[in-house]
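Student: First, the structure itself, so that you have it in front of you.
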Amino acid sequence: MKDKLDELARREKEVKAGGGEKRVRQQHDAGKLTARERIDFLFDAGTFQELDMLVEHRNTSFNLKEISIPADGVVTGFGKVAGRTVCVFSQDFTSRGGTLGEMHARKICKAMDLAMTMKVPMVGLIDSGGARIQEGINALNGYGSIFFRNSCASGVIPQISAIMGPAAGGAVYSPAMTDFVFMVKGTSFMYITGPSVVKAATSEEISDDELGGPVAHSTKSGVAQFACDNDKATIEEIKRLLSYLPSSNDEKPPDVTPTDTIDRADPALDEVIPAEPFKTYDMKKVIHAIVDNGEILEPSRRYAPNIITCFARLNGHVVGIIASQPNHLAGCLDINAADKATRFIRFCDAFNIPLITITDVPGYLPGSSQEWGGIIRHGAKLLWCYSEATVPKITLITRKAYGGAYIAMCSQSLGADYTLAWPTAEIAVMGAEGAAAIIHRQEIREAADPKAKEKEKIEEYRRLFNNPYEAAKMGYISAVIRPGETRQKMIAALEALQNKKESRPARKHGNIPM
């Protein structure tokens, strides 16, 4: 028996060594952890259980028969993160560049299948040179098998991808199909075609980082929701994200014992809205004042900053917040903001996370680039997803809520369960200046003093419509509240809605305006 145990120990040691000391040293010199170090940092100590450690490739072409690839370049398994089970795959760049071949893909697919069976989150730590060219169509089939499972798992279990090295060509599609993408500054990049192909096709010279680095994807493309400083910071942020998420769509997100009081009032909110209608303010100050201990986790914080999406807690219960940001583009909705909010809303609805919408929106961003870019289609996604969502939906209007943008930010007509407004709310088809100019065009033109008449009519419109009371009279606003009481009012509504049940007509699926 001792001989058998010694052989097992030897095989395990060889596999755990990855590509060997030299490759491991190169990985560390590049500022990266190894696949197994990342796993150790992710899971609670002593809980990780590895799957298929001894799997080997079976390709015989191009001398691969003579080459050993430990664990076939990927470590898979499951363990506990803060006491909750999570499945993982971690590509090993030290072993043949973490390239994906037939057995490598099978290991990932097996872990994904197990995550679906166990109904637990799936985390992918990606650090790969792409498809293993020597394995040809078997590698391509492997990618396809992963993509298929990404689709099947969507909305059933949370899927998180961390790009911790290169990801190019077909390797980028699986992360893009998952719920959240993390990237590491200085060491990760992802793109369909690299700088050399770009230069050959367009003569443009561009670096890996400029083309597909964390800053590019977290500010310009929106592909990445998080850009972190290093591997450890990335994994810590993944663990923080997991703390807000249920294990599957069968559960509600995890509650925590609140350490903030329910009836905490914040008088500073009574002064947050500027007296001047065109002056901006920071909506994050409002959010921090309302949520438990002022704590939020904000995906896509650098992308489309005119709208905020974040996770937070109210009295220990997880919520997803979508909020206008007057500090950027006056809080106008544009193509990128609509896409950002839509994806977040759909995720929260899929995983039973109540939605809080905070509105200060003057309208959609005007301009030919927006119209030609499809703002109608992209804006329609926002209407669609709020209407489709069946989780509790609470809406607060702090100041401007004009026209179609008022509707799009989860108005009562889109299914908001509880709509609140501050006394500073302005709910109208458009701003007073534009409305007065249209309604009283003839009267202003014929007045002895057109400017004085225009000012008079603007003030008249503001007095009649730029307030929450007309909407409250019609039942479109559930309550007009003092800003300092917002937290306690929202918690009361959330508690009342915690057992909400709502369904939509039976169908295979809708045809969302993509």
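Identifiers for the structure tokens are assigned positionally: chains receive A, B, ... in sequence, residues are indexed from 1 per chain, and ligands are indexed from 1 in the order shown.
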Could you pull out all residues of stretch 348-483 of chain A with a DSSP call of strand (DSSP E or B) and give them as a list of chain:residue names?
Tutor: A:Leu355, A:Ile356, A:Thr357, A:Ile358, A:Thr359, A:Asp360, A:Val361, A:Tyr364, A:Lys393, A:Ile394, A:Thr395, A:Leu396, A:Ile397, A:Thr398, A:Arg399, A:Lys400, A:Ala401, A:Tyr402, A:Tyr418, A:Thr419, A:Leu420, A:Ala421, A:Glu426, A:Ile427, A:Ala428, A:Ala479, A:Val480
Student: From the DSSP assignment of the backbone, select every residue of stretch 463-499 of chain A that is helix (DSSP H, G or I), and format the answer as a list in words.
Tutor: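 Of stretch 463-499 of chain A, the ones in helix (DSSP H, G or I) are Arg463, Leu464, Phe465, Tyr469, Glu470, Ala471, Ala472, Lys473, Pro483, Gly484, Glu485, Thr486, Arg487, Gln488, Lys489, Met490, Ile491, Ala492, Ala493, Leu494, Glu495 and Ala496 of chain A.
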Student: Within 7 Å of A:Asp72, counting only C-alpha atoms, which residues show up once you throw out same-chain ones fewer than 5 positions away? Write them as a list in words, please.
Tutor: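 Within the cut-off, the hits are Val55, Glu56, His57, Met103 and His104 of chain A.
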Student: For A:Met112, find every residue with an atom within 7 Å (counting only C-alpha atoms), except residues of its own chain fewer than 4 positions away, and show them as a ChimeraX atom specification.
Tutor: /A:108,116,122
Student: Convert the current residue selection to file output with C-alpha atoms, as a tab-separated table (two decimals), in the first residue's frame.
Tutor:
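That gives us selection-v6.tsv:
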```
chain	number	residue	atom	x	y	z
A	108	ILE	CA	-14.24	23.54	-17.36
A	116	MET	CA	-25.61	24.02	-12.11
A	122	MET	CA	-19.36	29.78	-11.02
```
Student: So that I can check the surroundings of A:Ala401, please list as a short mmCIF file (atom, residue, chain, number, x, y, z; two decimals) with C-alpha atoms, in the first residue's frame every protein, DNA and RNA residue that reaches within 8 Å of it, counting only C-alpha atoms and ignoring chain neighbours fewer than 6 positions away.
Tutor:
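And here is the file that came out, out_16.cif:
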```cif
data_model
loop_
_atom_site.label_atom_id
_atom_site.label_comp_id
_atom_site.auth_asym_id
_atom_site.auth_seq_id
_atom_site.Cartn_x
_atom_site.Cartn_y
_atom_site.Cartn_z
CA THR A 359 -34.50 59.74 -10.47
CA ASP A 360 -33.20 63.16 -11.42
CA VAL A 361 -33.33 63.03 -15.21
CA PRO A 362 -34.01 65.92 -17.60
CA GLY A 363 -34.44 63.63 -20.63
CA ALA A 425 -39.48 66.87 -7.50
CA GLU A 426 -40.43 68.27 -10.91
CA ILE A 427 -42.59 65.83 -12.86
CA ALA A 428 -43.57 67.13 -16.28
#
```
Student: Which polymer residues have any atom within 8 Å of an atom of A:Val291, counting only C-alpha atoms, with same-chain residues fewer than 6 positions away left out, as a VMD selection string?
Tutor: chain A and resid 312 to 314 487
Student: Would you write out those residues with C-alpha atoms, as a tab-separated table (two decimals), in the first residue's frame?
Tutor:
```tsv
chain	number	residue	atom	x	y	z
A	312	ALA	CA	-26.25	48.02	-1.11
A	313	ARG	CA	-28.27	46.95	1.90
A	314	LEU	CA	-31.30	48.43	3.62
A	487	ARG	CA	-34.18	55.76	4.56
```
Student: For A:Ser478, work out the shell of residues within 9 Å, counting only C-alpha atoms and skipping chain neighbours fewer than 3 positions away, then give it as a PyMOL selection string.
Tutor: chain A and resi 417-421+472+475
Student: Which one is closest to A:Asp229: A:Ile439, A:Leu5, A:Val184, A:Ile290? Count only C-alpha atoms.
Tutor: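 Ranking A:Ile439, A:Leu5, A:Val184, A:Ile290 by distance to A:Asp229, first place goes to A:Val184.
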Student: Could I get the residues of stretch 197-237 of chain A with an atom no further than 8 Å from an atom of stretch 170-181 of chain A, each paired with its nearest atom pair and that distance in Å to one decimal, using only C-alpha atoms, sorted by chain and residue number, as JSON lines?
Tutor:
```
{"residue": "A:Val223", "atom": "CA", "partner": "A:Ala176", "partner_atom": "CA", "distance": 6.7}
{"residue": "A:Ala224", "atom": "CA", "partner": "A:Val181", "partner_atom": "CA", "distance": 4.8}
{"residue": "A:Gln225", "atom": "CA", "partner": "A:Val181", "partner_atom": "CA", "distance": 5.5}
{"residue": "A:Phe226", "atom": "CA", "partner": "A:Val181", "partner_atom": "CA", "distance": 6.5}
```
Student: Got time to write the residues from that selection, C-alpha atoms, as a tab-separated table (two decimals), in the first residue's frame?
Tutor:
```tsv
chain	number	residue	atom	x	y	z
A	223	VAL	CA	-17.19	44.94	-21.22
A	224	ALA	CA	-15.55	44.95	-17.77
A	225	GLN	CA	-17.44	46.02	-14.67
A	226	PHE	CA	-14.40	46.08	-12.38
```
Student: Please measure the separation of atom CA of A:Tyr244 and atom CA of A:Thr117, giving the value in Å to one decimal.
Tutor: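 Interatomic distance, atom CA of A:Tyr244 to atom CA of A:Thr117: 21.4 Å.
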Student: What does the distance from atom CA of A:Lys457 to atom CA of A:Val429 come to in Å, to one decimal?
Tutor: 15.8 Å
Student: Between atom CA of A:Glu433 and atom CA of A:Glu459, what is the distance, to one decimal in Å?
Tutor: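 Spanning atom CA of A:Glu433 to atom CA of A:Glu459 is a straight-line distance of 8.8 Å.
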Student: From the set A:Ser221, A:Ser145, A:Ser161, A:Ser243, which residue has the shortest atom-to-atom contact distance to A:Thr85, counting only C-alpha atoms?
Tutor: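 With only C-alpha atoms as the atom set, the closest residue is A:Ser243.
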Student: Tell me which of A:Pro450, A:Pro305, A:Gly403, A:Gly316 sits closest to A:Val256, counting only C-alpha atoms.
Tutor: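 Smallest separation from A:Val256 among the options: A:Gly316.
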